[in-house]
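Asker: Enclosed is the structure file upload.pdb (PDB, C-alpha atoms).
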```pdb
ATOM      1  CA  MET A 632     -27.882  -8.117  99.474  1.00  0.00           C
ATOM      2  CA  PRO A 633     -29.182  -7.421  95.953  1.00  0.00           C
ATOM      3  CA  HIS A 634     -32.848  -6.553  95.650  1.00  0.00           C
ATOM      4  CA  THR A 635     -35.058  -9.189  94.034  1.00  0.00           C
ATOM      5  CA  PRO A 636     -37.746  -7.567  91.899  1.00  0.00           C
ATOM      6  CA  PRO A 637     -41.300  -8.795  92.414  1.00  0.00           C
ATOM      7  CA  PRO A 638     -43.003 -10.976  89.812  1.00  0.00           C
ATOM      8  CA  ALA A 639     -44.735  -9.241  86.922  1.00  0.00           C
ATOM      9  CA  ALA A 640     -48.072 -10.449  88.312  1.00  0.00           C
ATOM     10  CA  VAL A 641     -49.521 -12.943  90.753  1.00  0.00           C
ATOM     11  CA  LEU A 642     -52.332 -15.172  89.510  1.00  0.00           C
ATOM     12  CA  PHE A 643     -54.466 -16.624  92.292  1.00  0.00           C
ATOM     13  CA  ASP A 644     -56.650 -19.679  92.311  1.00  0.00           C
ATOM     14  CA  MET A 645     -59.799 -19.069  94.364  1.00  0.00           C
ATOM     15  CA  ASP A 646     -61.279 -22.155  96.034  1.00  0.00           C
ATOM     16  CA  GLY A 647     -59.031 -23.434  98.785  1.00  0.00           C
ATOM     17  CA  THR A 648     -56.343 -20.860  97.997  1.00  0.00           C
ATOM     18  CA  LEU A 649     -57.850 -17.466  98.792  1.00  0.00           C
ATOM     19  CA  VAL A 650     -61.055 -18.643 100.419  1.00  0.00           C
ATOM     20  CA  ASP A 651     -61.855 -21.751 102.417  1.00  0.00           C
ATOM     21  CA  THR A 652     -64.335 -23.182  99.906  1.00  0.00           C
ATOM     22  CA  GLU A 653     -62.579 -26.368  98.773  1.00  0.00           C
ATOM     23  CA  GLN A 654     -64.158 -28.217 101.690  1.00  0.00           C
ATOM     24  CA  LEU A 655     -67.561 -26.776 100.742  1.00  0.00           C
ATOM     25  CA  TRP A 656     -67.087 -28.148  97.209  1.00  0.00           C
ATOM     26  CA  TRP A 657     -66.167 -31.564  98.612  1.00  0.00           C
ATOM     27  CA  GLN A 658     -69.279 -31.452 100.825  1.00  0.00           C
ATOM     28  CA  ALA A 659     -71.500 -30.638  97.846  1.00  0.00           C
ATOM     29  CA  ALA A 660     -70.003 -33.501  95.838  1.00  0.00           C
ATOM     30  CA  ALA A 661     -70.125 -35.907  98.788  1.00  0.00           C
ATOM     31  CA  GLU A 662     -73.788 -35.180  99.504  1.00  0.00           C
ATOM     32  CA  LEU A 663     -74.768 -35.844  95.904  1.00  0.00           C
ATOM     33  CA  ALA A 664     -72.541 -38.929  95.760  1.00  0.00           C
ATOM     34  CA  ASP A 665     -74.273 -40.301  98.850  1.00  0.00           C
ATOM     35  CA  GLU A 666     -77.633 -39.878  97.140  1.00  0.00           C
ATOM     36  CA  LEU A 667     -76.235 -41.815  94.186  1.00  0.00           C
ATOM     37  CA  ARG A 668     -75.049 -44.578  96.538  1.00  0.00           C
ATOM     38  CA  HIS A 669     -71.391 -43.930  95.775  1.00  0.00           C
ATOM     39  CA  PRO A 670     -69.844 -42.523  98.982  1.00  0.00           C
ATOM     40  CA  LEU A 671     -66.750 -40.512  98.135  1.00  0.00           C
ATOM     41  CA  THR A 672     -63.345 -41.797  99.226  1.00  0.00           C
ATOM     42  CA  GLU A 673     -59.782 -40.601  98.754  1.00  0.00           C
ATOM     43  CA  ALA A 674     -59.805 -42.451  95.438  1.00  0.00           C
ATOM     44  CA  ASP A 675     -62.354 -39.924  94.152  1.00  0.00           C
ATOM     45  CA  ALA A 676     -60.334 -36.895  95.242  1.00  0.00           C
ATOM     46  CA  PRO A 677     -58.486 -36.368  91.919  1.00  0.00           C
ATOM     47  CA  GLU A 678     -61.872 -36.204  90.154  1.00  0.00           C
ATOM     48  CA  VAL A 679     -63.296 -33.691  92.638  1.00  0.00           C
ATOM     49  CA  LEU A 680     -60.686 -31.413  94.198  1.00  0.00           C
ATOM     50  CA  GLY A 681     -59.767 -28.525  91.918  1.00  0.00           C
ATOM     51  CA  GLN A 682     -61.980 -29.839  89.138  1.00  0.00           C
ATOM     52  CA  ALA A 683     -64.724 -28.047  87.241  1.00  0.00           C
ATOM     53  CA  ILE A 684     -68.332 -28.926  88.046  1.00  0.00           C
ATOM     54  CA  GLU A 685     -68.808 -30.667  84.694  1.00  0.00           C
ATOM     55  CA  HIS A 686     -65.778 -32.888  85.286  1.00  0.00           C
ATOM     56  CA  THR A 687     -66.996 -34.043  88.692  1.00  0.00           C
ATOM     57  CA  ALA A 688     -70.531 -34.525  87.362  1.00  0.00           C
ATOM     58  CA  ALA A 689     -69.168 -36.758  84.594  1.00  0.00           C
ATOM     59  CA  HIS A 690     -67.182 -38.748  87.168  1.00  0.00           C
ATOM     60  CA  LEU A 691     -70.223 -39.269  89.406  1.00  0.00           C
ATOM     61  CA  HIS A 692     -72.305 -40.267  86.396  1.00  0.00           C
ATOM     62  CA  ARG A 693     -69.683 -42.801  85.372  1.00  0.00           C
ATOM     63  CA  VAL A 694     -69.098 -44.428  88.750  1.00  0.00           C
ATOM     64  CA  SER A 695     -72.686 -44.457  90.013  1.00  0.00           C
ATOM     65  CA  GLY A 696     -74.552 -45.640  86.937  1.00  0.00           C
ATOM     66  CA  THR A 697     -77.337 -43.179  87.749  1.00  0.00           C
ATOM     67  CA  SER A 698     -80.174 -42.521  85.321  1.00  0.00           C
ATOM     68  CA  LEU A 699     -79.663 -38.790  85.831  1.00  0.00           C
ATOM     69  CA  THR A 700     -77.794 -37.104  82.998  1.00  0.00           C
ATOM     70  CA  GLU A 701     -74.414 -35.450  83.420  1.00  0.00           C
ATOM     71  CA  ALA A 702     -76.103 -32.090  82.850  1.00  0.00           C
ATOM     72  CA  GLU A 703     -78.610 -32.775  85.624  1.00  0.00           C
ATOM     73  CA  LEU A 704     -75.825 -33.786  87.991  1.00  0.00           C
ATOM     74  CA  ALA A 705     -73.864 -30.653  87.102  1.00  0.00           C
ATOM     75  CA  THR A 706     -76.893 -28.486  87.857  1.00  0.00           C
ATOM     76  CA  ARG A 707     -77.377 -30.200  91.204  1.00  0.00           C
ATOM     77  CA  LEU A 708     -73.712 -29.779  92.081  1.00  0.00           C
ATOM     78  CA  GLY A 709     -73.652 -26.141  90.999  1.00  0.00           C
ATOM     79  CA  ASP A 710     -76.758 -25.219  92.976  1.00  0.00           C
ATOM     80  CA  SER A 711     -75.518 -26.974  96.105  1.00  0.00           C
ATOM     81  CA  PHE A 712     -72.037 -25.460  95.936  1.00  0.00           C
ATOM     82  CA  ALA A 713     -73.342 -21.947  95.260  1.00  0.00           C
ATOM     83  CA  GLY A 714     -75.666 -22.211  98.234  1.00  0.00           C
ATOM     84  CA  LYS A 715     -72.860 -23.285 100.530  1.00  0.00           C
ATOM     85  CA  VAL A 716     -70.562 -20.499  99.286  1.00  0.00           C
ATOM     86  CA  ALA A 717     -73.285 -17.893  99.766  1.00  0.00           C
ATOM     87  CA  ALA A 718     -73.732 -19.049 103.358  1.00  0.00           C
ATOM     88  CA  GLU A 719     -70.056 -19.354 104.270  1.00  0.00           C
ATOM     89  CA  THR A 720     -67.100 -17.660 102.596  1.00  0.00           C
ATOM     90  CA  VAL A 721     -64.013 -17.342 104.789  1.00  0.00           C
ATOM     91  CA  PRO A 722     -60.639 -15.977 103.570  1.00  0.00           C
ATOM     92  CA  ARG A 723     -57.703 -18.339 104.028  1.00  0.00           C
ATOM     93  CA  PRO A 724     -55.093 -17.291 106.615  1.00  0.00           C
ATOM     94  CA  GLY A 725     -52.744 -14.691 105.154  1.00  0.00           C
ATOM     95  CA  ALA A 726     -54.757 -14.184 101.958  1.00  0.00           C
ATOM     96  CA  LEU A 727     -55.924 -10.624 102.520  1.00  0.00           C
ATOM     97  CA  ALA A 728     -52.564  -9.514 103.918  1.00  0.00           C
ATOM     98  CA  LEU A 729     -50.767 -10.880 100.846  1.00  0.00           C
ATOM     99  CA  LEU A 730     -53.240  -9.203  98.487  1.00  0.00           C
ATOM    100  CA  ALA A 731     -52.732  -5.915 100.336  1.00  0.00           C
ATOM    101  CA  SER A 732     -48.939  -6.151 100.101  1.00  0.00           C
ATOM    102  CA  LEU A 733     -49.152  -6.800  96.353  1.00  0.00           C
ATOM    103  CA  ARG A 734     -51.475  -3.852  95.863  1.00  0.00           C
ATOM    104  CA  ASP A 735     -49.170  -1.589  97.874  1.00  0.00           C
ATOM    105  CA  ALA A 736     -46.214  -2.729  95.738  1.00  0.00           C
ATOM    106  CA  GLY A 737     -48.098  -2.125  92.496  1.00  0.00           C
ATOM    107  CA  VAL A 738     -48.011  -5.792  91.468  1.00  0.00           C
ATOM    108  CA  PRO A 739     -51.110  -6.690  89.415  1.00  0.00           C
ATOM    109  CA  THR A 740     -53.152  -9.705  90.395  1.00  0.00           C
ATOM    110  CA  ALA A 741     -55.665 -11.957  88.657  1.00  0.00           C
ATOM    111  CA  LEU A 742     -58.223 -14.405  89.969  1.00  0.00           C
ATOM    112  CA  VAL A 743     -58.108 -17.657  87.979  1.00  0.00           C
ATOM    113  CA  SER A 744     -60.855 -20.068  89.007  1.00  0.00           C
ATOM    114  CA  ALA A 745     -62.351 -23.313  87.716  1.00  0.00           C
ATOM    115  CA  SER A 746     -65.610 -22.443  89.471  1.00  0.00           C
ATOM    116  CA  PRO A 747     -68.561 -21.061  87.490  1.00  0.00           C
ATOM    117  CA  ARG A 748     -68.979 -17.293  87.242  1.00  0.00           C
ATOM    118  CA  ARG A 749     -71.903 -17.219  89.650  1.00  0.00           C
ATOM    119  CA  VAL A 750     -69.742 -18.779  92.381  1.00  0.00           C
ATOM    120  CA  VAL A 751     -66.803 -16.486  91.582  1.00  0.00           C
ATOM    121  CA  ASP A 752     -69.092 -13.461  91.852  1.00  0.00           C
ATOM    122  CA  LEU A 753     -70.467 -14.683  95.181  1.00  0.00           C
ATOM    123  CA  VAL A 754     -66.935 -14.930  96.558  1.00  0.00           C
ATOM    124  CA  LEU A 755     -65.908 -11.565  95.126  1.00  0.00           C
ATOM    125  CA  SER A 756     -68.870  -9.913  96.808  1.00  0.00           C
ATOM    126  CA  THR A 757     -67.320 -10.934 100.117  1.00  0.00           C
ATOM    127  CA  LEU A 758     -63.604 -10.943  99.358  1.00  0.00           C
ATOM    128  CA  GLY A 759     -63.659  -7.730  97.305  1.00  0.00           C
ATOM    129  CA  ARG A 760     -63.520  -7.215  93.544  1.00  0.00           C
ATOM    130  CA  ASP A 761     -60.989  -4.399  93.630  1.00  0.00           C
ATOM    131  CA  TRP A 762     -58.094  -6.688  94.526  1.00  0.00           C
ATOM    132  CA  PHE A 763     -57.953  -8.066  90.978  1.00  0.00           C
ATOM    133  CA  ALA A 764     -57.208  -6.526  87.592  1.00  0.00           C
ATOM    134  CA  VAL A 765     -58.610  -9.633  85.881  1.00  0.00           C
ATOM    135  CA  THR A 766     -60.989 -12.399  86.967  1.00  0.00           C
ATOM    136  CA  LEU A 767     -61.565 -15.635  85.054  1.00  0.00           C
ATOM    137  CA  ALA A 768     -64.215 -18.268  85.723  1.00  0.00           C
ATOM    138  CA  ALA A 769     -64.779 -21.693  84.190  1.00  0.00           C
ATOM    139  CA  GLU A 770     -66.856 -20.272  81.332  1.00  0.00           C
ATOM    140  CA  ASP A 771     -64.178 -17.807  80.248  1.00  0.00           C
ATOM    141  CA  THR A 772     -61.862 -20.233  78.423  1.00  0.00           C
ATOM    142  CA  PRO A 773     -62.458 -23.144  76.016  1.00  0.00           C
ATOM    143  CA  ARG A 774     -60.958 -25.549  78.562  1.00  0.00           C
ATOM    144  CA  THR A 775     -60.526 -25.123  82.278  1.00  0.00           C
ATOM    145  CA  LYS A 776     -58.018 -26.629  84.707  1.00  0.00           C
ATOM    146  CA  PRO A 777     -55.958 -28.852  84.437  1.00  0.00           C
ATOM    147  CA  ALA A 778     -55.563 -27.447  80.904  1.00  0.00           C
ATOM    148  CA  PRO A 779     -53.299 -24.369  80.748  1.00  0.00           C
ATOM    149  CA  ASP A 780     -55.983 -22.183  79.124  1.00  0.00           C
ATOM    150  CA  PRO A 781     -57.067 -20.222  82.240  1.00  0.00           C
ATOM    151  CA  TYR A 782     -53.555 -19.143  83.188  1.00  0.00           C
ATOM    152  CA  LEU A 783     -52.601 -18.412  79.594  1.00  0.00           C
ATOM    153  CA  ALA A 784     -55.711 -16.248  79.293  1.00  0.00           C
ATOM    154  CA  ALA A 785     -55.004 -14.388  82.537  1.00  0.00           C
ATOM    155  CA  ALA A 786     -51.431 -13.582  81.496  1.00  0.00           C
ATOM    156  CA  ALA A 787     -52.621 -12.520  78.033  1.00  0.00           C
ATOM    157  CA  ARG A 788     -55.229 -10.160  79.485  1.00  0.00           C
ATOM    158  CA  LEU A 789     -52.508  -8.593  81.621  1.00  0.00           C
ATOM    159  CA  GLY A 790     -50.211  -8.370  78.583  1.00  0.00           C
ATOM    160  CA  LEU A 791     -47.561 -10.535  80.242  1.00  0.00           C
ATOM    161  CA  ASP A 792     -45.466 -13.621  79.536  1.00  0.00           C
ATOM    162  CA  PRO A 793     -46.725 -16.397  81.857  1.00  0.00           C
ATOM    163  CA  ALA A 794     -43.103 -17.207  82.742  1.00  0.00           C
ATOM    164  CA  THR A 795     -42.846 -13.836  84.513  1.00  0.00           C
ATOM    165  CA  CYS A 796     -45.907 -14.570  86.666  1.00  0.00           C
ATOM    166  CA  VAL A 797     -46.419 -16.583  89.837  1.00  0.00           C
ATOM    167  CA  ALA A 798     -49.531 -18.719  90.132  1.00  0.00           C
ATOM    168  CA  VAL A 799     -50.775 -19.540  93.636  1.00  0.00           C
ATOM    169  CA  GLU A 800     -52.608 -22.857  93.834  1.00  0.00           C
ATOM    170  CA  ASP A 801     -53.773 -25.475  96.338  1.00  0.00           C
ATOM    171  CA  THR A 802     -54.488 -28.675  94.358  1.00  0.00           C
ATOM    172  CA  PRO A 803     -52.618 -30.944  91.929  1.00  0.00           C
ATOM    173  CA  THR A 804     -55.161 -30.026  89.234  1.00  0.00           C
ATOM    174  CA  GLY A 805     -54.473 -26.317  89.604  1.00  0.00           C
ATOM    175  CA  VAL A 806     -50.725 -26.811  89.803  1.00  0.00           C
ATOM    176  CA  ALA A 807     -50.837 -28.848  86.583  1.00  0.00           C
ATOM    177  CA  SER A 808     -52.733 -26.036  84.853  1.00  0.00           C
ATOM    178  CA  ALA A 809     -50.355 -23.298  85.959  1.00  0.00           C
ATOM    179  CA  THR A 810     -47.248 -25.361  85.235  1.00  0.00           C
ATOM    180  CA  ALA A 811     -48.475 -26.214  81.745  1.00  0.00           C
ATOM    181  CA  ALA A 812     -49.003 -22.501  81.116  1.00  0.00           C
ATOM    182  CA  GLY A 813     -45.372 -21.808  82.027  1.00  0.00           C
ATOM    183  CA  CYS A 814     -45.950 -20.037  85.343  1.00  0.00           C
ATOM    184  CA  ALA A 815     -43.851 -20.413  88.436  1.00  0.00           C
ATOM    185  CA  VAL A 816     -46.102 -21.925  91.086  1.00  0.00           C
ATOM    186  CA  LEU A 817     -46.484 -21.359  94.803  1.00  0.00           C
ATOM    187  CA  ALA A 818     -48.493 -24.324  96.092  1.00  0.00           C
ATOM    188  CA  VAL A 819     -50.250 -24.050  99.448  1.00  0.00           C
ATOM    189  CA  PRO A 820     -52.177 -27.324  99.873  1.00  0.00           C
ATOM    190  CA  SER A 821     -55.654 -27.024 101.373  1.00  0.00           C
ATOM    191  CA  THR A 822     -56.231 -30.786 101.706  1.00  0.00           C
ATOM    192  CA  SER A 823     -54.205 -33.893 102.452  1.00  0.00           C
ATOM    193  CA  THR A 824     -53.870 -34.688  98.737  1.00  0.00           C
ATOM    194  CA  ALA A 825     -50.168 -34.548  97.880  1.00  0.00           C
ATOM    195  CA  ILE A 826     -48.954 -32.050  95.308  1.00  0.00           C
ATOM    196  CA  PRO A 827     -46.129 -33.430  93.152  1.00  0.00           C
ATOM    197  CA  ALA A 828     -42.850 -31.545  93.270  1.00  0.00           C
ATOM    198  CA  GLY A 829     -41.669 -29.782  90.149  1.00  0.00           C
ATOM    199  CA  SER A 830     -38.805 -27.626  88.963  1.00  0.00           C
ATOM    200  CA  ARG A 831     -40.919 -24.458  89.237  1.00  0.00           C
ATOM    201  CA  VAL A 832     -43.221 -25.548  92.058  1.00  0.00           C
ATOM    202  CA  THR A 833     -42.561 -24.271  95.567  1.00  0.00           C
ATOM    203  CA  LEU A 834     -44.548 -25.700  98.488  1.00  0.00           C
ATOM    204  CA  LEU A 835     -45.592 -23.595 101.456  1.00  0.00           C
ATOM    205  CA  ASP A 836     -47.835 -24.553 104.366  1.00  0.00           C
ATOM    206  CA  SER A 837     -49.660 -21.220 104.603  1.00  0.00           C
ATOM    207  CA  LEU A 838     -50.062 -17.927 102.751  1.00  0.00           C
ATOM    208  CA  GLU A 839     -49.122 -16.322 106.056  1.00  0.00           C
ATOM    209  CA  HIS A 840     -45.508 -17.181 105.145  1.00  0.00           C
ATOM    210  CA  ALA A 841     -45.679 -15.756 101.608  1.00  0.00           C
ATOM    211  CA  ASP A 842     -44.236 -12.324 100.896  1.00  0.00           C
ATOM    212  CA  LEU A 843     -42.895 -10.212  98.046  1.00  0.00           C
ATOM    213  CA  PRO A 844     -39.257 -11.377  98.311  1.00  0.00           C
ATOM    214  CA  LEU A 845     -40.339 -15.023  98.121  1.00  0.00           C
ATOM    215  CA  LEU A 846     -42.647 -14.406  95.149  1.00  0.00           C
ATOM    216  CA  GLY A 847     -39.931 -12.454  93.380  1.00  0.00           C
ATOM    217  CA  LYS A 848     -37.438 -15.246  93.902  1.00  0.00           C
ATOM    218  CA  LEU A 849     -39.775 -17.710  92.180  1.00  0.00           C
ATOM    219  CA  THR A 850     -39.610 -15.840  88.872  1.00  0.00           C
ATOM    220  CA  ALA A 851     -36.026 -14.620  89.217  1.00  0.00           C
ATOM    221  CA  THR A 852     -34.560 -17.990  88.286  1.00  0.00           C
ATOM    222  CA  PRO A 853     -36.795 -19.571  85.602  1.00  0.00           C
ATOM    223  CA  GLY A 854     -36.393 -23.300  85.235  1.00  0.00           C
ATOM    224  CA  VAL A 855     -34.626 -23.699  88.563  1.00  0.00           C
TER     225      VAL A 855
END
```
Would you give me this structure, written as structure tokens?
Answerer:
Amino acid sequence: MPHTPPPAAVLFDMDGTLVDTEQLWWQAAAELADELRHPLTEADAPEVLGQAIEHTAAHLHRVSGTSLTEAELATRLGDSFAGKVAAETVPRPGALALLASLRDAGVPTALVSASPRRVVDLVLSTLGRDWFAVTLAAEDTPRTKPAPDPYLAAAARLGLDPATCVAVEDTPTGVASATAAGCAVLAVPSTSTAIPAGSRVTLLDSLEHADLPLLGKLTATPGV
């Protein structure tokens, strides 16, 4: 059987993909929404899951009619989420093993997050900074997910064509960002929100089932 080379790099989302923080983000948003008398439902999920703090703050401002400004809501959300992350950061199943296998194979990795830098740094203090050649937070690009900017920036910093990289994501917002950047995508959903199928989107139920041959296959046949 011919050997499939690994991807040029693997670009990882953080919340819900490498660490189990997507639920913490939902909790932070839900607690604030309750205060604003707008309990979150599944209908709010696209405006919360995988989104930047400012996006969710704008959504809560719009649907609640609160007198608080979007900036005030964003500050409240950011403080709550950071506190929850500081208290509880748990790697997702298979995450550390996959990172170790990529390091052993000499495949560079990047962390590509829509969370603010202070949250990214909190996670890295637990997960480990040395796994990643590049880390990007929400402040590091003009636009964050679902725009392609974060993944384009990560590939550029690594000196690579995004089409030769695999992005690992857990939400429709993140998948849209990586797809728009031209990456092949391995999607491992962390919530019940469905991720649309795509020509370069491969669904997996856990990172425990991801390995180098699979990742290499994703970039070996672009557009398939």
Asker: Identify, on the basis of all atoms listed in the file, every residue whose closest approach to Ser756 (chain A) does not exceed 12 Å; exclude the query and any residue fewer than 6 positions from it along the same chain; express the result as a PDB file with C-alpha atoms, in the coordinates of the input.
Answerer:
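Output contents, as saved in part07.pdb:
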```pdb
ATOM      1  CA  VAL A 716     -70.562 -20.499  99.286  1.00  0.00           C
ATOM      2  CA  ALA A 717     -73.285 -17.893  99.766  1.00  0.00           C
ATOM      3  CA  THR A 720     -67.100 -17.660 102.596  1.00  0.00           C
ATOM      4  CA  VAL A 721     -64.013 -17.342 104.789  1.00  0.00           C
ATOM      5  CA  ARG A 749     -71.903 -17.219  89.650  1.00  0.00           C
ATOM      6  CA  VAL A 750     -69.742 -18.779  92.381  1.00  0.00           C
ATOM      7  CA  TRP A 762     -58.094  -6.688  94.526  1.00  0.00           C
TER       8      TRP A 762
END
```
Asker: Measuring atom to atom with all atoms listed in the file, identify which of A:Val819, A:Leu742, A:Ala807, A:Ala726 is nearest to Pro677 (chain A).
Answerer: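 Comparing A:Val819, A:Leu742, A:Ala807, A:Ala726 against Pro677 (chain A), the winner is A:Ala807.
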Asker: Using Å and a single decimal, report how far CA of His690 (chain A) sits from CA of Phe643 (chain A).
Answerer: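 Going from CA of Phe643 (chain A) over to CA of His690 (chain A), I get 26.0 Å.
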Asker: Rounded to one decimal place, report the CA of Leu680 (chain A)-CA of Thr802 (chain A) distance in Å.
Answerer: 6.8 Å
Asker: Check which residues satisfy the PyMOL selection byres ((chain A and resi 691-705) around 12) in the file shown, then give them as a PyMOL selection string.
Answerer: chain A and resi 659-671+674-676+678-679+683-690+706-713+746-747
Asker: In Å, how far is it from CA of Val738 (chain A) to CA of Ala640 (chain A)?
Answerer: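 Separation between CA of Val738 (chain A) and CA of Ala640 (chain A): 5.6 Å.
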Asker: Pull out every residue that the PyMOL selection byres ((chain A and resi 775) around 12) matches in the shown coordinates and put them as a PDB file with C-alpha atoms, in the coordinates of the input.
Answerer:
```pdb
ATOM      1  CA  GLY A 681     -59.767 -28.525  91.918  1.00  0.00           C
ATOM      2  CA  GLN A 682     -61.980 -29.839  89.138  1.00  0.00           C
ATOM      3  CA  ALA A 683     -64.724 -28.047  87.241  1.00  0.00           C
ATOM      4  CA  ILE A 684     -68.332 -28.926  88.046  1.00  0.00           C
ATOM      5  CA  GLU A 685     -68.808 -30.667  84.694  1.00  0.00           C
ATOM      6  CA  HIS A 686     -65.778 -32.888  85.286  1.00  0.00           C
ATOM      7  CA  VAL A 743     -58.108 -17.657  87.979  1.00  0.00           C
ATOM      8  CA  SER A 744     -60.855 -20.068  89.007  1.00  0.00           C
ATOM      9  CA  ALA A 745     -62.351 -23.313  87.716  1.00  0.00           C
ATOM     10  CA  SER A 746     -65.610 -22.443  89.471  1.00  0.00           C
ATOM     11  CA  PRO A 747     -68.561 -21.061  87.490  1.00  0.00           C
ATOM     12  CA  LEU A 767     -61.565 -15.635  85.054  1.00  0.00           C
ATOM     13  CA  ALA A 768     -64.215 -18.268  85.723  1.00  0.00           C
ATOM     14  CA  ALA A 769     -64.779 -21.693  84.190  1.00  0.00           C
ATOM     15  CA  GLU A 770     -66.856 -20.272  81.332  1.00  0.00           C
ATOM     16  CA  ASP A 771     -64.178 -17.807  80.248  1.00  0.00           C
ATOM     17  CA  THR A 772     -61.862 -20.233  78.423  1.00  0.00           C
ATOM     18  CA  PRO A 773     -62.458 -23.144  76.016  1.00  0.00           C
ATOM     19  CA  ARG A 774     -60.958 -25.549  78.562  1.00  0.00           C
ATOM     20  CA  LYS A 776     -58.018 -26.629  84.707  1.00  0.00           C
ATOM     21  CA  PRO A 777     -55.958 -28.852  84.437  1.00  0.00           C
ATOM     22  CA  ALA A 778     -55.563 -27.447  80.904  1.00  0.00           C
ATOM     23  CA  PRO A 779     -53.299 -24.369  80.748  1.00  0.00           C
ATOM     24  CA  ASP A 780     -55.983 -22.183  79.124  1.00  0.00           C
ATOM     25  CA  PRO A 781     -57.067 -20.222  82.240  1.00  0.00           C
ATOM     26  CA  TYR A 782     -53.555 -19.143  83.188  1.00  0.00           C
ATOM     27  CA  LEU A 783     -52.601 -18.412  79.594  1.00  0.00           C
ATOM     28  CA  ALA A 784     -55.711 -16.248  79.293  1.00  0.00           C
ATOM     29  CA  THR A 804     -55.161 -30.026  89.234  1.00  0.00           C
ATOM     30  CA  GLY A 805     -54.473 -26.317  89.604  1.00  0.00           C
ATOM     31  CA  ALA A 807     -50.837 -28.848  86.583  1.00  0.00           C
ATOM     32  CA  SER A 808     -52.733 -26.036  84.853  1.00  0.00           C
ATOM     33  CA  ALA A 809     -50.355 -23.298  85.959  1.00  0.00           C
ATOM     34  CA  ALA A 812     -49.003 -22.501  81.116  1.00  0.00           C
TER      35      ALA A 812
END
```
Asker: Taking all atoms of region 826-830 of chain A that appear in the file, build a box with edges along x, y and z, extend it by 5 Å on every side, and state its centre and edge lengths in Å to one decimal, as lines of an AutoDock Vina configuration file.
Answerer:
```
center_x = -43.9
center_y = -30.5
center_z = 92.1
size_x = 20.1
size_y = 15.8
size_z = 16.3
```
Asker: Go through the shown structure with the PyMOL selection byres ((chain A and resi 790-792) around 12) and write out the matching residues as a list in words.
Answerer: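 In the shown coordinates, the PyMOL selection byres ((chain A and resi 790-792) around 12) covers Pro638, Ala639, Ala640, Val641, Leu642, Pro739, Thr740, Ala741, Ala764, Val765, Tyr782, Leu783, Ala784, Ala785, Ala786, Ala787, Arg788, Leu789, Pro793, Ala794, Thr795, Cys796, Val797, Ala812, Gly813, Cys814, Ala815 and Thr850 of chain A.
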Asker: Please list, as a list in words, the residues that have an atom at most 10 Å away from (-48.0, -27.3, 94.7) in the coordinates of this file, counting all atoms listed in the file.
Answerer: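 Those residues lying close to the given coordinates are Ala798, Val799, Glu800, Asp801, Thr802, Pro803, Thr804, Gly805, Val806, Ala807, Ala809, Thr810, Val816, Leu817, Ala818, Val819, Pro820, Ala825, Ile826, Pro827, Ala828, Gly829, Arg831, Val832, Thr833, Leu834 and Leu835 of chain A.
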